[in-house]
Amino acid sequence: MAKSPLLLGQRHPRYAFTLVALVFCTYWFLLRSPPPPLPVNYKQSSELKARLDREERKYRSMLPERRELITKYGPTPAQLIMFPPDQEPWPPYTVWDFFPPIYNCPHELDRLGALGDGGKWMCGASRIADKPDCVLYSFGVDSSYSFEATLLQSTRFCEVWIYDSTKGNDAASQLPRSVRSRAHFHKIALGATDRHGPGDDPKTWTLKSLMAENGHTHIDFLRMDTEGWEWETLRAIIRDFTTERVTPPQGANADGESSSWGVHERDGVLPFGQLQIELHVWNQRFQDFLEWWELLEASGLRPFHNEINLVYANYNRHSGVELAEYSFLNIRGDNAFIKDYEPAKPDLEARAQPPHA
């Protein structure tokens, strides 16, 4: 008959001491806080920079074509219809034709997550596969977590903050157990202003306030599906992190080149490397959409992929194809998709210095 650990401990005190020490060490190992991830140092790659520069020249050369298309069917933005009716003269366009995602991703292009609804397009997922300080934000997940689950499973260190105005920690069961420790759920909404007092329902936070609350200065990948609130929310994000450039006379920018859009260039860097967003153009006017889109362009965002939501169009055939998902690359500042990087090394020499007498 096998002896219990308790009886062994009574007869052999040294076994009891060993057992207690083992339990204590196991408890300490499981519950101790992990060390904060090391930041990374970015460095310019001449080959990657050449690809980005080529894509930027191509993108800029497309902008006059957009203006020509507006003149052809407008002739002003205010005269353009988002989705022309089925009648003469049947102009061959929809709003999406004016905003093509022609900026090629400089890395591999993957669709992560489930087929159909839930999967998202991402540029260079391998670039953050081993990034030690990888941060993801996801807003408006609804009932599909396949993208977040796939991205966590394909990276070593990434953590994702998932926000939805209707779901909280109870949604954690939607993710595989193996990645739940790297997912953080909160029942809040993303908005243009902070409204998260005791009487506010739902609690609404700006991106700037959320990042400060979480102690983050950079987001590697930002996903947004805010059901029509994206217009004012993105304007607020741009306002919080960039400033309007004082354009030199006669439409020239700081480099002496003519301005490429109808809004002022923006100085500063948006706090994310990549943006994936669903656009809902319900009741939008073309001139307002154009001004909003050019604001994104002037802040350094370049579209590299889009996917029209044909599921919505199928069930709403009386309206236009009013929903589309766009993926943007941020071509400014330092991020893992436009620059190479290496983990920062701890300052061991400074730690080894003896204290001052």
# chains A, B, ... in the order shown; residues from 1 in each chain; ligands from 1
>>> residues_around(residues="Thr206 of chain A", least_positions_apart="3", cutoff="7 Å", atoms="only C-alpha atoms", output="list in words")
Leu190, Gly191, Ala192, Thr193, Asp194, Ser209 and Leu210 of chain A
>>> residues_around(residues="segment 136-147 of chain A", least_positions_apart="4", cutoff="9 Å", atoms="only C-alpha atoms", output="ChimeraX atom specification")
/A:111-114,117-120,151-152,158-167,171,174-175,188-190,219-227
>>> write_last_selection(atoms="C-alpha atoms", output="mmCIF file, in the first residue's frame")
data_model
loop_
_atom_site.group_PDB
_atom_site.id
_atom_site.type_symbol
_atom_site.label_atom_id
_atom_site.label_comp_id
_atom_site.auth_asym_id
_atom_site.auth_seq_id
_atom_site.Cartn_x
_atom_site.Cartn_y
_atom_site.Cartn_z
ATOM 1 C CA ARG A 111 -5.212 36.930 -44.549
ATOM 2 C CA LEU A 112 -5.289 35.819 -40.923
ATOM 3 C CA GLY A 113 -8.290 34.208 -39.267
ATOM 4 C CA ALA A 114 -11.365 32.438 -40.578
ATOM 5 C CA ASP A 117 -16.362 37.028 -41.977
ATOM 6 C CA GLY A 118 -13.697 37.426 -39.288
ATOM 7 C CA GLY A 119 -10.481 37.102 -41.297
ATOM 8 C CA LYS A 120 -8.331 40.216 -41.815
ATOM 9 C CA LEU A 151 -2.216 36.354 -34.683
ATOM 10 C CA LEU A 152 -1.465 35.371 -31.088
ATOM 11 C CA CYS A 158 2.406 39.725 -28.772
ATOM 12 C CA GLU A 159 -0.321 40.753 -26.363
ATOM 13 C CA VAL A 160 -3.717 41.957 -27.509
ATOM 14 C CA TRP A 161 -6.098 44.371 -25.800
ATOM 15 C CA ILE A 162 -9.633 43.561 -26.953
ATOM 16 C CA TYR A 163 -12.320 46.193 -26.468
ATOM 17 C CA ASP A 164 -16.030 45.886 -27.140
ATOM 18 C CA SER A 165 -18.905 47.919 -25.716
ATOM 19 C CA THR A 166 -21.016 44.779 -25.187
ATOM 20 C CA LYS A 167 -18.482 42.189 -23.966
ATOM 21 C CA ALA A 171 -15.370 36.635 -23.948
ATOM 22 C CA GLN A 174 -13.579 32.415 -27.272
ATOM 23 C CA LEU A 175 -9.781 32.168 -27.476
ATOM 24 C CA ILE A 188 -15.608 49.754 -23.327
ATOM 25 C CA ALA A 189 -16.002 51.634 -26.603
ATOM 26 C CA LEU A 190 -13.507 53.693 -28.602
ATOM 27 C CA ILE A 219 0.735 49.867 -31.036
ATOM 28 C CA ASP A 220 2.046 47.490 -33.672
ATOM 29 C CA PHE A 221 -1.355 46.616 -35.119
ATOM 30 C CA LEU A 222 -4.634 48.484 -34.608
ATOM 31 C CA ARG A 223 -7.954 46.971 -35.705
ATOM 32 C CA MET A 224 -11.170 49.012 -35.683
ATOM 33 C CA ASP A 225 -14.796 48.186 -36.398
ATOM 34 C CA THR A 226 -16.783 50.947 -34.718
ATOM 35 C CA GLU A 227 -20.011 50.721 -36.735
#
>>> closest_residue(among="A:Glu278, A:Glu148, A:Glu68, A:Asp53", to="His305 of chain A", atoms="only C-alpha atoms")
A:Glu278
>>> closest_atom_pairs(of="segment 193-295 of chain A", to="segment 306-329 of chain A", cutoff="7 Å", atoms="only C-alpha atoms", output="JSON lines")
{"residue": "A:Gly273", "atom": "CA", "partner": "A:Leu329", "partner_atom": "CA", "distance": 6.4}
{"residue": "A:Gln274", "atom": "CA", "partner": "A:Leu329", "partner_atom": "CA", "distance": 4.8}
{"residue": "A:Leu275", "atom": "CA", "partner": "A:Phe328", "partner_atom": "CA", "distance": 5.0}
{"residue": "A:Gln276", "atom": "CA", "partner": "A:Ser327", "partner_atom": "CA", "distance": 4.4}
{"residue": "A:Ile277", "atom": "CA", "partner": "A:Tyr326", "partner_atom": "CA", "distance": 5.5}
{"residue": "A:Glu278", "atom": "CA", "partner": "A:Glu325", "partner_atom": "CA", "distance": 4.1}
{"residue": "A:Leu279", "atom": "CA", "partner": "A:Ala324", "partner_atom": "CA", "distance": 5.3}
{"residue": "A:His280", "atom": "CA", "partner": "A:Leu323", "partner_atom": "CA", "distance": 4.8}
{"residue": "A:Val281", "atom": "CA", "partner": "A:Glu322", "partner_atom": "CA", "distance": 5.3}
{"residue": "A:Trp282", "atom": "CA", "partner": "A:Glu322", "partner_atom": "CA", "distance": 6.4}
>>> atom_distance(atom1="atom CA of Phe157 of chain A", atom2="atom CA of Pro132 of chain A")
5.4 Å
>>> closest_residue(among="A:Ala344, A:Val269, A:Glu88, A:Ala336", to="Ala125 of chain A", atoms="only C-alpha atoms")
A:Ala336
>>> residues_around(residues="segment 43-46 of chain A", least_positions_apart="3", cutoff="12 Å", atoms="only C-alpha atoms", output="count of residues only")
18
>>> closest_residue(among="A:Ile70, A:Phe304, A:Arg180, A:Gln79", to="Pro106 of chain A", atoms="only C-alpha atoms")
A:Phe304
>>> atom_distance(atom1="atom CA of Ser299 of chain A", atom2="atom CA of Val246 of chain A")
13.9 Å
>>> select_by_dssp(residues="segment 140-232 of chain A", states="strand (DSSP E)", output="PyMOL selection string")
chain A and resi 159-163+183-186+189-190+204-205+219-224
>>> write_last_selection(atoms="N, CA and C atoms", output="PDB file, in the first residue's frame")
ATOM      1  N   GLU A 159       0.845  40.707 -27.244  1.00  0.00           N
ATOM      2  CA  GLU A 159      -0.321  40.753 -26.363  1.00  0.00           C
ATOM      3  C   GLU A 159      -1.378  41.615 -27.036  1.00  0.00           C
ATOM      4  N   VAL A 160      -2.632  41.235 -26.854  1.00  0.00           N
ATOM      5  CA  VAL A 160      -3.717  41.957 -27.509  1.00  0.00           C
ATOM      6  C   VAL A 160      -4.685  42.486 -26.457  1.00  0.00           C
ATOM      7  N   TRP A 161      -5.075  43.749 -26.632  1.00  0.00           N
ATOM      8  CA  TRP A 161      -6.098  44.371 -25.800  1.00  0.00           C
ATOM      9  C   TRP A 161      -7.371  44.438 -26.633  1.00  0.00           C
ATOM     10  N   ILE A 162      -8.391  43.705 -26.200  1.00  0.00           N
ATOM     11  CA  ILE A 162      -9.633  43.561 -26.953  1.00  0.00           C
ATOM     12  C   ILE A 162     -10.723  44.373 -26.258  1.00  0.00           C
ATOM     13  N   TYR A 163     -11.307  45.298 -27.019  1.00  0.00           N
ATOM     14  CA  TYR A 163     -12.320  46.193 -26.468  1.00  0.00           C
ATOM     15  C   TYR A 163     -13.617  46.070 -27.252  1.00  0.00           C
ATOM     16  N   ALA A 183      -4.101  37.881 -23.712  1.00  0.00           N
ATOM     17  CA  ALA A 183      -5.258  38.654 -24.170  1.00  0.00           C
ATOM     18  C   ALA A 183      -5.913  39.346 -22.988  1.00  0.00           C
ATOM     19  N   HIS A 184      -6.293  40.597 -23.200  1.00  0.00           N
ATOM     20  CA  HIS A 184      -6.892  41.410 -22.143  1.00  0.00           C
ATOM     21  C   HIS A 184      -8.220  41.967 -22.666  1.00  0.00           C
ATOM     22  N   PHE A 185      -9.295  41.689 -21.952  1.00  0.00           N
ATOM     23  CA  PHE A 185     -10.631  42.054 -22.405  1.00  0.00           C
ATOM     24  C   PHE A 185     -11.209  43.162 -21.534  1.00  0.00           C
ATOM     25  N   HIS A 186     -11.866  44.127 -22.195  1.00  0.00           N
ATOM     26  CA  HIS A 186     -12.494  45.219 -21.471  1.00  0.00           C
ATOM     27  C   HIS A 186     -13.786  45.628 -22.181  1.00  0.00           C
ATOM     28  N   ALA A 189     -15.936  51.236 -25.197  1.00  0.00           N
ATOM     29  CA  ALA A 189     -16.002  51.634 -26.603  1.00  0.00           C
ATOM     30  C   ALA A 189     -14.906  52.655 -26.893  1.00  0.00           C
ATOM     31  N   LEU A 190     -14.473  52.690 -28.146  1.00  0.00           N
ATOM     32  CA  LEU A 190     -13.507  53.693 -28.602  1.00  0.00           C
ATOM     33  C   LEU A 190     -14.274  54.886 -29.159  1.00  0.00           C
ATOM     34  N   THR A 204     -16.705  55.202 -22.749  1.00  0.00           N
ATOM     35  CA  THR A 204     -16.020  55.547 -23.987  1.00  0.00           C
ATOM     36  C   THR A 204     -14.674  56.185 -23.681  1.00  0.00           C
ATOM     37  N   TRP A 205     -13.643  55.670 -24.334  1.00  0.00           N
ATOM     38  CA  TRP A 205     -12.287  56.168 -24.147  1.00  0.00           C
ATOM     39  C   TRP A 205     -11.711  56.581 -25.497  1.00  0.00           C
ATOM     40  N   ILE A 219       1.546  51.048 -30.726  1.00  0.00           N
ATOM     41  CA  ILE A 219       0.735  49.867 -31.036  1.00  0.00           C
ATOM     42  C   ILE A 219       1.225  49.322 -32.372  1.00  0.00           C
ATOM     43  N   ASP A 220       1.570  48.050 -32.405  1.00  0.00           N
ATOM     44  CA  ASP A 220       2.046  47.490 -33.672  1.00  0.00           C
ATOM     45  C   ASP A 220       0.911  47.323 -34.675  1.00  0.00           C
ATOM     46  N   PHE A 221      -0.228  46.841 -34.210  1.00  0.00           N
ATOM     47  CA  PHE A 221      -1.355  46.616 -35.119  1.00  0.00           C
ATOM     48  C   PHE A 221      -2.637  47.069 -34.440  1.00  0.00           C
ATOM     49  N   LEU A 222      -3.376  47.939 -35.121  1.00  0.00           N
ATOM     50  CA  LEU A 222      -4.634  48.484 -34.608  1.00  0.00           C
ATOM     51  C   LEU A 222      -5.773  48.055 -35.522  1.00  0.00           C
ATOM     52  N   ARG A 223      -6.786  47.392 -34.938  1.00  0.00           N
ATOM     53  CA  ARG A 223      -7.954  46.971 -35.705  1.00  0.00           C
ATOM     54  C   ARG A 223      -9.186  47.691 -35.162  1.00  0.00           C
ATOM     55  N   MET A 224      -9.996  48.243 -36.087  1.00  0.00           N
ATOM     56  CA  MET A 224     -11.170  49.012 -35.683  1.00  0.00           C
ATOM     57  C   MET A 224     -12.400  48.622 -36.494  1.00  0.00           C
TER      58      MET A 224
END
>>> closest_residue(among="A:Trp121, A:Asn104, A:Pro198, A:Ala149", to="Pro176 of chain A", atoms="only C-alpha atoms")
A:Ala149
>>> residues_around(residues="Pro64 of chain A", least_positions_apart="3", cutoff="12 Å", atoms="only C-alpha atoms", output="NGL selection string")
:A and (58-61 or 67-71 or 98 or 258-262)
>>> select_by_dssp(residues="segment 16-245 of chain A", states="helix (DSSP H, G or I)", output="PDB file with C-alpha atoms, in the first residue's frame")
ATOM      1  CA  ALA A  16       8.529  17.351   4.654  1.00  0.00           C
ATOM      2  CA  PHE A  17      10.963  20.260   4.315  1.00  0.00           C
ATOM      3  CA  THR A  18      11.683  19.330   0.694  1.00  0.00           C
ATOM      4  CA  LEU A  19       7.955  19.089  -0.089  1.00  0.00           C
ATOM      5  CA  VAL A  20       7.217  22.483   1.455  1.00  0.00           C
ATOM      6  CA  ALA A  21      10.110  24.073  -0.443  1.00  0.00           C
ATOM      7  CA  LEU A  22       8.922  22.516  -3.711  1.00  0.00           C
ATOM      8  CA  VAL A  23       5.366  23.799  -3.226  1.00  0.00           C
ATOM      9  CA  PHE A  24       6.618  27.294  -2.338  1.00  0.00           C
ATOM     10  CA  CYS A  25       8.928  27.475  -5.361  1.00  0.00           C
ATOM     11  CA  THR A  26       6.162  26.275  -7.687  1.00  0.00           C
ATOM     12  CA  TYR A  27       3.744  28.875  -6.275  1.00  0.00           C
ATOM     13  CA  TRP A  28       6.334  31.631  -6.630  1.00  0.00           C
ATOM     14  CA  PHE A  29       7.189  30.642 -10.207  1.00  0.00           C
ATOM     15  CA  LEU A  30       3.563  30.562 -11.347  1.00  0.00           C
ATOM     16  CA  LEU A  31       2.439  33.788  -9.716  1.00  0.00           C
ATOM     17  CA  SER A  46      18.439  50.498 -47.462  1.00  0.00           C
ATOM     18  CA  GLU A  47      16.633  47.736 -49.373  1.00  0.00           C
ATOM     19  CA  LEU A  48      13.374  48.202 -47.480  1.00  0.00           C
ATOM     20  CA  LYS A  49      13.623  51.983 -47.746  1.00  0.00           C
ATOM     21  CA  ALA A  50      14.063  51.693 -51.522  1.00  0.00           C
ATOM     22  CA  ARG A  51      10.878  49.618 -51.789  1.00  0.00           C
ATOM     23  CA  LEU A  52       8.942  52.085 -49.646  1.00  0.00           C
ATOM     24  CA  ASP A  53      10.226  55.056 -51.641  1.00  0.00           C
ATOM     25  CA  ARG A  54       9.194  53.392 -54.901  1.00  0.00           C
ATOM     26  CA  GLU A  55       5.691  52.736 -53.576  1.00  0.00           C
ATOM     27  CA  GLU A  56       5.381  56.303 -52.317  1.00  0.00           C
ATOM     28  CA  ARG A  57       6.309  57.725 -55.730  1.00  0.00           C
ATOM     29  CA  LYS A  58       3.738  55.456 -57.345  1.00  0.00           C
ATOM     30  CA  TYR A  59       1.078  56.450 -54.820  1.00  0.00           C
ATOM     31  CA  ARG A  60       1.747  60.161 -55.296  1.00  0.00           C
ATOM     32  CA  SER A  61       1.506  59.777 -59.054  1.00  0.00           C
ATOM     33  CA  MET A  62      -1.996  58.337 -58.628  1.00  0.00           C
ATOM     34  CA  LEU A  63      -3.335  61.442 -56.856  1.00  0.00           C
ATOM     35  CA  PRO A  64      -3.661  63.624 -60.002  1.00  0.00           C
ATOM     36  CA  GLU A  65      -5.638  60.791 -61.584  1.00  0.00           C
ATOM     37  CA  ARG A  66      -8.069  60.934 -58.679  1.00  0.00           C
ATOM     38  CA  ARG A  67      -8.553  64.647 -59.213  1.00  0.00           C
ATOM     39  CA  GLU A  68      -9.123  64.070 -62.934  1.00  0.00           C
ATOM     40  CA  LEU A  69     -11.736  61.417 -62.169  1.00  0.00           C
ATOM     41  CA  ILE A  70     -13.506  63.796 -59.787  1.00  0.00           C
ATOM     42  CA  THR A  71     -13.502  66.513 -62.459  1.00  0.00           C
ATOM     43  CA  LYS A  72     -14.829  64.077 -65.050  1.00  0.00           C
ATOM     44  CA  TYR A  73     -17.861  62.959 -63.040  1.00  0.00           C
ATOM     45  CA  PRO A  77     -16.512  66.737 -55.006  1.00  0.00           C
ATOM     46  CA  ALA A  78     -19.806  68.228 -53.823  1.00  0.00           C
ATOM     47  CA  GLN A  79     -21.481  67.127 -57.073  1.00  0.00           C
ATOM     48  CA  VAL A  95     -16.960  55.751 -54.276  1.00  0.00           C
ATOM     49  CA  TRP A  96     -14.411  52.960 -53.832  1.00  0.00           C
ATOM     50  CA  ASP A  97     -12.955  53.556 -57.307  1.00  0.00           C
ATOM     51  CA  PHE A  98     -11.532  56.891 -56.143  1.00  0.00           C
ATOM     52  CA  ALA A 125       2.933  39.380 -39.972  1.00  0.00           C
ATOM     53  CA  SER A 126       6.367  37.742 -39.794  1.00  0.00           C
ATOM     54  CA  ARG A 127       7.833  41.113 -38.846  1.00  0.00           C
ATOM     55  CA  ILE A 128       6.303  40.867 -35.356  1.00  0.00           C
ATOM     56  CA  SER A 146     -10.404  34.153 -35.220  1.00  0.00           C
ATOM     57  CA  PHE A 147      -8.085  36.956 -36.329  1.00  0.00           C
ATOM     58  CA  GLU A 148      -6.872  37.734 -32.824  1.00  0.00           C
ATOM     59  CA  ALA A 149      -6.440  34.028 -32.027  1.00  0.00           C
ATOM     60  CA  THR A 150      -4.465  33.352 -35.205  1.00  0.00           C
ATOM     61  CA  LEU A 151      -2.216  36.354 -34.683  1.00  0.00           C
ATOM     62  CA  LEU A 152      -1.465  35.371 -31.088  1.00  0.00           C
ATOM     63  CA  GLN A 153      -0.754  31.785 -32.128  1.00  0.00           C
ATOM     64  CA  ASN A 169     -13.807  39.195 -19.606  1.00  0.00           C
ATOM     65  CA  ASP A 170     -16.510  36.618 -20.307  1.00  0.00           C
ATOM     66  CA  ALA A 171     -15.370  36.635 -23.948  1.00  0.00           C
ATOM     67  CA  ALA A 172     -11.990  35.119 -23.002  1.00  0.00           C
ATOM     68  CA  SER A 173     -13.440  31.643 -23.533  1.00  0.00           C
ATOM     69  CA  GLN A 174     -13.579  32.415 -27.272  1.00  0.00           C
ATOM     70  CA  ARG A 177      -6.397  28.358 -23.705  1.00  0.00           C
ATOM     71  CA  SER A 178      -2.812  28.498 -24.928  1.00  0.00           C
ATOM     72  CA  VAL A 179      -3.029  32.227 -25.740  1.00  0.00           C
ATOM     73  CA  ARG A 180      -5.524  33.550 -23.171  1.00  0.00           C
ATOM     74  CA  SER A 181      -2.771  34.813 -20.866  1.00  0.00           C
ATOM     75  CA  ARG A 182      -1.741  37.267 -23.611  1.00  0.00           C
ATOM     76  CA  LEU A 207      -7.123  55.972 -28.026  1.00  0.00           C
ATOM     77  CA  LYS A 208      -4.742  58.440 -26.394  1.00  0.00           C
ATOM     78  CA  SER A 209      -6.290  57.907 -22.959  1.00  0.00           C
ATOM     79  CA  LEU A 210      -6.353  54.129 -23.327  1.00  0.00           C
ATOM     80  CA  MET A 211      -2.693  54.003 -24.277  1.00  0.00           C
ATOM     81  CA  ALA A 212      -1.790  56.174 -21.290  1.00  0.00           C
ATOM     82  CA  GLU A 213      -3.894  53.944 -19.011  1.00  0.00           C
ATOM     83  CA  ASN A 214      -2.107  50.832 -20.320  1.00  0.00           C
ATOM     84  CA  GLU A 230     -14.844  55.700 -37.358  1.00  0.00           C
ATOM     85  CA  TRP A 231     -15.128  59.126 -38.992  1.00  0.00           C
ATOM     86  CA  GLU A 232     -14.992  61.238 -35.848  1.00  0.00           C
ATOM     87  CA  THR A 233     -12.826  58.711 -33.990  1.00  0.00           C
ATOM     88  CA  LEU A 234     -10.022  58.782 -36.582  1.00  0.00           C
ATOM     89  CA  ARG A 235     -10.207  62.563 -36.735  1.00  0.00           C
ATOM     90  CA  ALA A 236      -9.712  62.648 -32.968  1.00  0.00           C
ATOM     91  CA  ILE A 237      -6.759  60.230 -33.125  1.00  0.00           C
ATOM     92  CA  ILE A 238      -5.091  62.362 -35.801  1.00  0.00           C
ATOM     93  CA  ARG A 239      -5.789  65.529 -33.821  1.00  0.00           C
ATOM     94  CA  ASP A 240      -4.337  63.998 -30.631  1.00  0.00           C
ATOM     95  CA  PHE A 241      -1.103  62.730 -32.175  1.00  0.00           C
TER      96      PHE A 241
END
